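What's in data_20.pdb: PDB, C-alpha atoms
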ATOM      1  CA  MET A 257      -6.221 -10.995   3.752  1.00  0.00           C
ATOM      2  CA  ALA A 258      -3.645  -8.207   3.965  1.00  0.00           C
ATOM      3  CA  ASN A 259      -3.600  -5.954   6.967  1.00  0.00           C
ATOM      4  CA  LYS A 260      -3.955  -2.223   6.499  1.00  0.00           C
ATOM      5  CA  PRO A 261      -0.982  -0.519   8.119  1.00  0.00           C
ATOM      6  CA  THR A 262      -1.756   1.358  11.289  1.00  0.00           C
ATOM      7  CA  GLN A 263      -0.465   4.734  12.327  1.00  0.00           C
ATOM      8  CA  ASN A 264       2.238   5.061  14.967  1.00  0.00           C
ATOM      9  CA  ARG A 265       0.670   6.236  18.189  1.00  0.00           C
ATOM     10  CA  THR A 266       1.584   6.530  21.817  1.00  0.00           C
ATOM     11  CA  VAL A 267      -0.926   5.492  24.441  1.00  0.00           C
ATOM     12  CA  GLY A 268      -0.129   7.669  27.436  1.00  0.00           C
ATOM     13  CA  VAL A 269      -3.006   7.117  29.851  1.00  0.00           C
ATOM     14  CA  TRP A 270      -2.688   7.856  33.560  1.00  0.00           C
ATOM     15  CA  TYR A 271      -4.644   5.487  35.810  1.00  0.00           C
ATOM     16  CA  GLY A 272      -2.691   5.993  38.982  1.00  0.00           C
ATOM     17  CA  PRO A 273       0.986   5.799  39.947  1.00  0.00           C
ATOM     18  CA  ARG A 274       1.652   2.102  39.299  1.00  0.00           C
ATOM     19  CA  LEU A 275      -0.777   1.212  36.537  1.00  0.00           C
ATOM     20  CA  GLY A 276      -0.158   4.472  34.702  1.00  0.00           C
ATOM     21  CA  ARG A 277       3.608   3.856  34.601  1.00  0.00           C
ATOM     22  CA  ALA A 278       3.077   0.282  33.353  1.00  0.00           C
ATOM     23  CA  LEU A 279       0.792   1.492  30.545  1.00  0.00           C
ATOM     24  CA  TRP A 280       3.235   4.273  29.646  1.00  0.00           C
ATOM     25  CA  LEU A 281       6.104   1.766  29.352  1.00  0.00           C
ATOM     26  CA  LEU A 282       3.925  -0.560  27.282  1.00  0.00           C
ATOM     27  CA  SER A 283       3.074   2.293  24.905  1.00  0.00           C
ATOM     28  CA  GLY A 284       6.685   2.355  23.682  1.00  0.00           C
ATOM     29  CA  MET A 285       6.243  -1.153  22.308  1.00  0.00           C
ATOM     30  CA  ILE A 286       2.936  -0.271  20.642  1.00  0.00           C
ATOM     31  CA  SER A 287       4.381   2.739  18.807  1.00  0.00           C
ATOM     32  CA  SER A 288       6.747   0.690  16.621  1.00  0.00           C
ATOM     33  CA  VAL A 289       4.024  -0.373  14.140  1.00  0.00           C
ATOM     34  CA  CYS A 290       4.676   0.538  10.466  1.00  0.00           C
ATOM     35  CA  ALA A 291       2.422   3.172   8.865  1.00  0.00           C
ATOM     36  CA  CYS A 292       3.324   2.457   5.244  1.00  0.00           C
ATOM     37  CA  PHE A 293       3.543  -0.397   2.755  1.00  0.00           C
ATOM     38  CA  GLU A 294       7.024  -1.888   2.325  1.00  0.00           C
ATOM     39  CA  THR A 295       6.069  -3.929  -0.761  1.00  0.00           C
ATOM     40  CA  THR A 296       3.747  -3.308  -3.678  1.00  0.00           C
ATOM     41  CA  GLY A 297       2.401  -6.835  -3.143  1.00  0.00           C
ATOM     42  CA  ASP A 298       1.153  -5.954   0.347  1.00  0.00           C
ATOM     43  CA  ALA A 299      -0.387  -2.737  -0.974  1.00  0.00           C
ATOM     44  CA  MET A 300      -2.195  -4.539  -3.794  1.00  0.00           C
ATOM     45  CA  GLU A 301      -3.413  -7.295  -1.445  1.00  0.00           C
ATOM     46  CA  TYR A 302      -4.836  -4.583   0.797  1.00  0.00           C
ATOM     47  CA  LEU A 303      -6.657  -3.004  -2.169  1.00  0.00           C
ATOM     48  CA  ALA A 304      -8.049  -6.412  -3.149  1.00  0.00           C
ATOM     49  CA  SER A 305      -9.377  -6.864   0.401  1.00  0.00           C
ATOM     50  CA  ILE A 306     -11.541  -3.732   0.446  1.00  0.00           C
ATOM     51  CA  SER A 307     -14.635  -2.827  -1.548  1.00  0.00           C
ATOM     52  CA  ASP A 308     -13.927  -1.278  -4.932  1.00  0.00           C
ATOM     53  CA  THR A 309     -16.348   1.496  -3.976  1.00  0.00           C
ATOM     54  CA  ASP A 310     -14.163   2.577  -1.012  1.00  0.00           C
ATOM     55  CA  ASP A 311     -11.664   5.421  -1.263  1.00  0.00           C
ATOM     56  CA  ALA A 312      -8.130   4.159  -0.642  1.00  0.00           C
ATOM     57  CA  THR A 313      -4.797   5.762   0.178  1.00  0.00           C
ATOM     58  CA  ILE A 314      -1.676   3.702  -0.422  1.00  0.00           C
ATOM     59  CA  GLU A 315       1.341   5.147   1.349  1.00  0.00           C
ATOM     60  CA  LEU A 316       4.571   3.556   0.151  1.00  0.00           C
ATOM     61  CA  CYS A 317       7.487   3.600   2.607  1.00  0.00           C
ATOM     62  CA  GLN A 318      10.106   6.235   1.879  1.00  0.00           C
ATOM     63  CA  ASN A 319      13.674   5.471   0.790  1.00  0.00           C
ATOM     64  CA  GLN A 320      12.683   2.191  -0.875  1.00  0.00           C
ATOM     65  CA  ILE A 321      13.301   0.659  -4.260  1.00  0.00           C
ATOM     66  CA  PHE A 322      10.360  -1.496  -5.325  1.00  0.00           C
ATOM     67  CA  SER A 323      11.673  -4.021  -7.873  1.00  0.00           C
ATOM     68  CA  ILE A 324       8.707  -4.829 -10.072  1.00  0.00           C
ATOM     69  CA  GLY A 325       8.561  -8.363 -11.451  1.00  0.00           C
ATOM     70  CA  ILE A 326       7.538  -9.807 -14.768  1.00  0.00           C
ATOM     71  CA  GLN A 327       4.253 -11.364 -15.833  1.00  0.00           C
ATOM     72  CA  SER A 328       4.196 -15.127 -15.741  1.00  0.00           C
ATOM     73  CA  GLY A 329       1.744 -17.210 -17.712  1.00  0.00           C
ATOM     74  CA  GLU A 330      -1.260 -16.344 -19.791  1.00  0.00           C
ATOM     75  CA  PHE A 331      -4.535 -14.962 -18.460  1.00  0.00           C
ATOM     76  CA  ASP A 332      -7.715 -13.401 -19.747  1.00  0.00           C
ATOM     77  CA  THR A 333      -7.296  -9.661 -19.167  1.00  0.00           C
ATOM     78  CA  ASP A 334     -11.016  -9.064 -19.778  1.00  0.00           C
ATOM     79  CA  LYS A 335     -11.932 -11.208 -16.752  1.00  0.00           C
ATOM     80  CA  LEU A 336      -8.901 -10.467 -14.597  1.00  0.00           C
ATOM     81  CA  ASN A 337      -9.475  -9.182 -11.088  1.00  0.00           C
ATOM     82  CA  LEU A 338      -6.916  -7.556  -8.798  1.00  0.00           C
ATOM     83  CA  THR A 339      -6.132 -10.745  -6.856  1.00  0.00           C
ATOM     84  CA  GLN A 340      -5.496 -12.691 -10.078  1.00  0.00           C
ATOM     85  CA  ALA A 341      -3.381  -9.860 -11.449  1.00  0.00           C
ATOM     86  CA  VAL A 342      -1.142  -9.774  -8.352  1.00  0.00           C
ATOM     87  CA  ALA A 343      -0.724 -13.555  -8.542  1.00  0.00           C
ATOM     88  CA  SER A 344       0.262 -13.361 -12.228  1.00  0.00           C
ATOM     89  CA  PHE A 345       3.582 -11.627 -11.476  1.00  0.00           C
ATOM     90  CA  GLN A 346       6.901 -13.190 -10.532  1.00  0.00           C
ATOM     91  CA  GLY A 347       8.317 -10.738  -8.009  1.00  0.00           C
ATOM     92  CA  GLU A 348       6.603  -7.565  -6.885  1.00  0.00           C
ATOM     93  CA  PRO A 349       3.439  -6.638  -8.809  1.00  0.00           C
ATOM     94  CA  PRO A 350       3.028  -3.185 -10.331  1.00  0.00           C
ATOM     95  CA  LEU A 351       0.695  -0.597  -8.874  1.00  0.00           C
ATOM     96  CA  PHE A 352      -2.804  -1.014 -10.296  1.00  0.00           C
ATOM     97  CA  ALA A 353      -5.034   1.819 -11.413  1.00  0.00           C
ATOM     98  CA  ARG A 354      -8.199   1.622  -9.326  1.00  0.00           C
ATOM     99  CA  SER A 355     -10.854   4.298  -9.040  1.00  0.00           C
ATOM    100  CA  ARG A 356     -10.687   6.577  -5.996  1.00  0.00           C
ATOM    101  CA  THR A 357      -7.131   5.541  -5.105  1.00  0.00           C
ATOM    102  CA  HIS A 358      -4.356   7.849  -3.925  1.00  0.00           C
ATOM    103  CA  TYR A 359      -0.807   6.478  -4.230  1.00  0.00           C
ATOM    104  CA  LYS A 360       1.828   8.508  -2.425  1.00  0.00           C
ATOM    105  CA  CYS A 361       5.441   8.294  -1.267  1.00  0.00           C
ATOM    106  CA  GLY A 362       5.569   8.707   2.509  1.00  0.00           C
ATOM    107  CA  GLN A 363       3.127  10.761   4.529  1.00  0.00           C
ATOM    108  CA  THR A 364       3.404  13.903   2.398  1.00  0.00           C
ATOM    109  CA  GLY A 365       3.682  12.425  -1.092  1.00  0.00           C
ATOM    110  CA  GLY A 366       6.709  14.631  -1.798  1.00  0.00           C
ATOM    111  CA  SER A 367       9.174  13.717  -4.543  1.00  0.00           C
ATOM    112  CA  GLY A 368      12.027  13.847  -2.023  1.00  0.00           C
ATOM    113  CA  GLY A 369      10.695  10.702  -0.321  1.00  0.00           C
ATOM    114  CA  ASN A 370      12.722   8.480  -2.647  1.00  0.00           C
ATOM    115  CA  CYS A 371      10.072   5.863  -3.545  1.00  0.00           C
ATOM    116  CA  ILE A 372      11.311   4.198  -6.730  1.00  0.00           C
ATOM    117  CA  LEU A 373       9.453   1.657  -8.861  1.00  0.00           C
ATOM    118  CA  ARG A 374      12.157  -0.050 -10.915  1.00  0.00           C
ATOM    119  CA  SER A 375      12.154  -2.458 -13.862  1.00  0.00           C
ATOM    120  CA  GLY A 376       9.418  -5.023 -14.576  1.00  0.00           C
ATOM    121  CA  ASP A 377       7.127  -5.520 -17.545  1.00  0.00           C
ATOM    122  CA  VAL A 378       4.879  -2.659 -16.448  1.00  0.00           C
ATOM    123  CA  GLN A 379       5.019  -0.442 -13.347  1.00  0.00           C
ATOM    124  CA  PHE A 380       1.503   1.030 -13.331  1.00  0.00           C
ATOM    125  CA  TRP A 381      -1.245  -1.077 -14.842  1.00  0.00           C
ATOM    126  CA  THR A 382      -4.906  -0.581 -15.588  1.00  0.00           C
ATOM    127  CA  VAL A 383      -6.769  -3.855 -15.162  1.00  0.00           C
ATOM    128  CA  SER A 384      -9.819  -4.200 -17.420  1.00  0.00           C
ATOM    129  CA  THR A 385     -13.037  -3.468 -15.556  1.00  0.00           C
ATOM    130  CA  PRO A 386     -16.615  -2.907 -16.689  1.00  0.00           C
ATOM    131  CA  LYS A 387     -16.372   0.691 -15.421  1.00  0.00           C
ATOM    132  CA  ALA A 388     -13.872   3.377 -16.386  1.00  0.00           C
ATOM    133  CA  VAL A 389     -11.083   4.028 -13.887  1.00  0.00           C
ATOM    134  CA  GLN A 390     -11.208   7.571 -12.527  1.00  0.00           C
ATOM    135  CA  ASP A 391      -9.909   9.718  -9.675  1.00  0.00           C
ATOM    136  CA  VAL A 392      -6.443   8.144  -9.382  1.00  0.00           C
ATOM    137  CA  LEU A 393      -3.740  10.344  -7.852  1.00  0.00           C
ATOM    138  CA  VAL A 394      -0.022   9.435  -7.839  1.00  0.00           C
ATOM    139  CA  GLU A 395       2.338  11.662  -5.806  1.00  0.00           C
ATOM    140  CA  GLY A 396       6.095  11.563  -5.301  1.00  0.00           C
ATOM    141  CA  ILE A 397       6.762   8.167  -6.892  1.00  0.00           C
ATOM    142  CA  THR A 398       9.674   7.783  -9.331  1.00  0.00           C
ATOM    143  CA  PHE A 399       9.409   5.303 -12.208  1.00  0.00           C
ATOM    144  CA  GLU A 400      12.704   3.867 -13.537  1.00  0.00           C
ATOM    145  CA  SER A 401      13.506   1.295 -16.211  1.00  0.00           C
TER     146      SER A 401
END

Rewritten as structure tokens:
Amino acid sequence: MANKPTQNRTVGVWYGPRLGRALWLLSGMISSVCACFETTGDAMEYLASISDTDDATIELCQNQIFSIGIQSGEFDTDKLNLTQAVASFQGEPPLFARSRTHYKCGQTGGSGGNCILRSGDVQFWTVSTPKAVQDVLVEGITFES
């Protein structure tokens, strides 16, 4: 199961002269955790790991080119789920339309963040579901052929 990225944070807690300094030094190591997805595959695995009734925000890392792969093999699109769809691509999978999902480039979703989805058979795909897909927001992502 994919891990949801965690926000960078510093843990500055003062428990006395010696212990407080040790915790403060340790906090520098904790703060280096990534707060964005570096691959579309990791982002899609995260979406597949949560309930489809949950709201989701997918923050793609800034200044990245995401090289989308091509579909490999045949599959039944009427019965396809997100995990099967991700596995059906050679290379990075496209972003998938999923209800209540916010895709954004960096923390702000600004177009200056330089998140580029390039090439591939399809870059943003709606997987067949029994329910209509609604409430999908895409911010600051550039699509290139």

Worksheet entry | Two-atom distance - CA of Arg374 in chain A, CA of Pro349 in chain A (Å) |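 One can read the CA of Arg374 in chain A to CA of Pro349 in chain A distance as 11.1 Å.
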
I'd like the contact shell of Leu338 in chain A - 9 Å cut-off, all atoms listed in the file, skipping same-chain residues fewer than 6 positions apart - returned as a short mmCIF file (atom, residue, chain, number, x, y, z; two decimals) with C-alpha atoms, in the coordinates of the input.
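What landed in selection27.cif:
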data_model
loop_
_atom_site.label_atom_id
_atom_site.label_comp_id
_atom_site.auth_asym_id
_atom_site.auth_seq_id
_atom_site.Cartn_x
_atom_site.Cartn_y
_atom_site.Cartn_z
CA MET A 300 -2.19 -4.54 -3.79
CA GLU A 301 -3.41 -7.30 -1.44
CA LEU A 303 -6.66 -3.00 -2.17
CA ALA A 304 -8.05 -6.41 -3.15
CA PHE A 352 -2.80 -1.01 -10.30
CA VAL A 383 -6.77 -3.86 -15.16
#

Worksheet item: Expressed in Å to a single decimal, how great is the separation between CA of Gly376 in chain A and CA of Gln390 in chain A?
Response: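 Distance reported for this atom pair: 24.3 Å.
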
Item to complete: Provide the CA of Ser355 in chain A to CA of Glu400 in chain A distance in Å, to one decimal place.
Response: 24.0 Å

Discussion item. List as a PyMOL selection string the protein and nucleic acid residues near Ile397 in chain A, meaning an atom at most 9 Å away when all atoms listed in the file are counted, but skip any in the same chain fewer than 6 places from it.
Written reply: chain A and resi 316+359-361+365-367+369-373

Discussion item. I need the residue nearest Gln318 in chain A from this list: A:Cys292, A:Val378, A:Val389, A:Ile306. Use only C-alpha atoms for the distance.
Written reply: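 When distances to Gln318 in chain A are compared using only C-alpha atoms, the smallest one comes from A:Cys292.
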
Discussion item. I need the residue nearest Phe380 in chain A from this list: A:Gln346, A:Gln340, A:Thr313, A:Thr296. Use all atoms listed in the file for the distance.
Written reply: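 Between A:Gln346, A:Gln340, A:Thr313, A:Thr296, the residue approaching Phe380 in chain A most closely is A:Thr296.
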
Please output range 302-313 of chain A, rebuilt to include all heavy atoms, as a PDB file, in the frame of the given file.
ATOM      1  N   TYR A 302      -3.934  -5.421   0.007  1.00  0.00           N
ATOM      2  CA  TYR A 302      -4.836  -4.583   0.797  1.00  0.00           C
ATOM      3  C   TYR A 302      -5.964  -4.040  -0.088  1.00  0.00           C
ATOM      4  O   TYR A 302      -7.140  -4.098   0.280  1.00  0.00           O
ATOM      5  CB  TYR A 302      -4.075  -3.432   1.468  1.00  0.00           C
ATOM      6  CG  TYR A 302      -5.014  -2.399   2.033  1.00  0.00           C
ATOM      7  CD1 TYR A 302      -5.814  -2.705   3.128  1.00  0.00           C
ATOM      8  CD2 TYR A 302      -5.138  -1.152   1.455  1.00  0.00           C
ATOM      9  CE1 TYR A 302      -6.709  -1.769   3.636  1.00  0.00           C
ATOM     10  CE2 TYR A 302      -6.030  -0.220   1.952  1.00  0.00           C
ATOM     11  CZ  TYR A 302      -6.808  -0.531   3.034  1.00  0.00           C
ATOM     12  OH  TYR A 302      -7.702   0.383   3.527  1.00  0.00           O
ATOM     13  N   LEU A 303      -5.623  -3.525  -1.270  1.00  0.00           N
ATOM     14  CA  LEU A 303      -6.657  -3.004  -2.169  1.00  0.00           C
ATOM     15  C   LEU A 303      -7.651  -4.093  -2.555  1.00  0.00           C
ATOM     16  O   LEU A 303      -8.842  -3.836  -2.642  1.00  0.00           O
ATOM     17  CB  LEU A 303      -6.029  -2.425  -3.437  1.00  0.00           C
ATOM     18  CG  LEU A 303      -5.422  -1.038  -3.331  1.00  0.00           C
ATOM     19  CD1 LEU A 303      -4.866  -0.605  -4.682  1.00  0.00           C
ATOM     20  CD2 LEU A 303      -6.424  -0.017  -2.817  1.00  0.00           C
ATOM     21  N   ALA A 304      -7.159  -5.309  -2.773  1.00  0.00           N
ATOM     22  CA  ALA A 304      -8.049  -6.412  -3.149  1.00  0.00           C
ATOM     23  C   ALA A 304      -8.976  -6.796  -2.005  1.00  0.00           C
ATOM     24  O   ALA A 304     -10.045  -7.352  -2.231  1.00  0.00           O
ATOM     25  CB  ALA A 304      -7.227  -7.618  -3.581  1.00  0.00           C
ATOM     26  N   SER A 305      -8.586  -6.464  -0.768  1.00  0.00           N
ATOM     27  CA  SER A 305      -9.377  -6.864   0.401  1.00  0.00           C
ATOM     28  C   SER A 305     -10.497  -5.890   0.748  1.00  0.00           C
ATOM     29  O   SER A 305     -11.346  -6.199   1.570  1.00  0.00           O
ATOM     30  CB  SER A 305      -8.463  -7.034   1.623  1.00  0.00           C
ATOM     31  OG  SER A 305      -8.043  -5.773   2.121  1.00  0.00           O
ATOM     32  N   ILE A 306     -10.506  -4.711   0.135  1.00  0.00           N
ATOM     33  CA  ILE A 306     -11.541  -3.732   0.446  1.00  0.00           C
ATOM     34  C   ILE A 306     -12.493  -3.593  -0.741  1.00  0.00           C
ATOM     35  O   ILE A 306     -12.175  -3.987  -1.859  1.00  0.00           O
ATOM     36  CB  ILE A 306     -10.948  -2.354   0.833  1.00  0.00           C
ATOM     37  CG1 ILE A 306     -10.168  -1.740  -0.335  1.00  0.00           C
ATOM     38  CG2 ILE A 306     -10.080  -2.481   2.082  1.00  0.00           C
ATOM     39  CD1 ILE A 306      -9.684  -0.327  -0.057  1.00  0.00           C
ATOM     40  N   SER A 307     -13.629  -3.016  -0.498  1.00  0.00           N
ATOM     41  CA  SER A 307     -14.635  -2.827  -1.548  1.00  0.00           C
ATOM     42  C   SER A 307     -14.099  -1.874  -2.609  1.00  0.00           C
ATOM     43  O   SER A 307     -13.438  -0.873  -2.280  1.00  0.00           O
ATOM     44  CB  SER A 307     -15.919  -2.262  -0.938  1.00  0.00           C
ATOM     45  OG  SER A 307     -16.803  -1.877  -1.959  1.00  0.00           O
ATOM     46  N   ASP A 308     -14.396  -2.160  -3.860  1.00  0.00           N
ATOM     47  CA  ASP A 308     -13.927  -1.278  -4.932  1.00  0.00           C
ATOM     48  C   ASP A 308     -14.676   0.047  -4.965  1.00  0.00           C
ATOM     49  O   ASP A 308     -14.369   0.923  -5.760  1.00  0.00           O
ATOM     50  CB  ASP A 308     -13.970  -1.972  -6.287  1.00  0.00           C
ATOM     51  CG  ASP A 308     -15.370  -2.375  -6.706  1.00  0.00           C
ATOM     52  OD1 ASP A 308     -16.319  -2.185  -5.926  1.00  0.00           O
ATOM     53  OD2 ASP A 308     -15.511  -2.891  -7.826  1.00  0.00           O
ATOM     54  N   THR A 309     -15.654   0.210  -4.089  1.00  0.00           N
ATOM     55  CA  THR A 309     -16.348   1.496  -3.976  1.00  0.00           C
ATOM     56  C   THR A 309     -15.753   2.370  -2.876  1.00  0.00           C
ATOM     57  O   THR A 309     -16.149   3.515  -2.721  1.00  0.00           O
ATOM     58  CB  THR A 309     -17.852   1.293  -3.706  1.00  0.00           C
ATOM     59  OG1 THR A 309     -18.020   0.577  -2.488  1.00  0.00           O
ATOM     60  CG2 THR A 309     -18.514   0.547  -4.853  1.00  0.00           C
ATOM     61  N   ASP A 310     -14.807   1.816  -2.090  1.00  0.00           N
ATOM     62  CA  ASP A 310     -14.163   2.577  -1.012  1.00  0.00           C
ATOM     63  C   ASP A 310     -13.022   3.429  -1.559  1.00  0.00           C
ATOM     64  O   ASP A 310     -12.291   2.996  -2.450  1.00  0.00           O
ATOM     65  CB  ASP A 310     -13.584   1.637   0.050  1.00  0.00           C
ATOM     66  CG  ASP A 310     -14.644   0.927   0.860  1.00  0.00           C
ATOM     67  OD1 ASP A 310     -15.787   1.419   0.903  1.00  0.00           O
ATOM     68  OD2 ASP A 310     -14.334  -0.129   1.445  1.00  0.00           O
ATOM     69  N   ASP A 311     -12.851   4.620  -0.994  1.00  0.00           N
ATOM     70  CA  ASP A 311     -11.664   5.421  -1.263  1.00  0.00           C
ATOM     71  C   ASP A 311     -10.487   4.719  -0.604  1.00  0.00           C
ATOM     72  O   ASP A 311     -10.633   4.109   0.457  1.00  0.00           O
ATOM     73  CB  ASP A 311     -11.796   6.824  -0.683  1.00  0.00           C
ATOM     74  CG  ASP A 311     -12.836   7.667  -1.406  1.00  0.00           C
ATOM     75  OD1 ASP A 311     -13.270   7.289  -2.502  1.00  0.00           O
ATOM     76  OD2 ASP A 311     -13.205   8.715  -0.858  1.00  0.00           O
ATOM     77  N   ALA A 312      -9.306   4.806  -1.218  1.00  0.00           N
ATOM     78  CA  ALA A 312      -8.130   4.159  -0.642  1.00  0.00           C
ATOM     79  C   ALA A 312      -6.919   5.060  -0.798  1.00  0.00           C
ATOM     80  O   ALA A 312      -6.745   5.726  -1.819  1.00  0.00           O
ATOM     81  CB  ALA A 312      -7.866   2.827  -1.334  1.00  0.00           C
ATOM     82  N   THR A 313      -6.087   5.088   0.239  1.00  0.00           N
ATOM     83  CA  THR A 313      -4.797   5.762   0.178  1.00  0.00           C
ATOM     84  C   THR A 313      -3.722   4.722   0.413  1.00  0.00           C
ATOM     85  O   THR A 313      -3.760   4.005   1.409  1.00  0.00           O
ATOM     86  CB  THR A 313      -4.696   6.877   1.236  1.00  0.00           C
ATOM     87  OG1 THR A 313      -5.700   7.864   0.957  1.00  0.00           O
ATOM     88  CG2 THR A 313      -3.320   7.529   1.216  1.00  0.00           C
TER      89      THR A 313
END
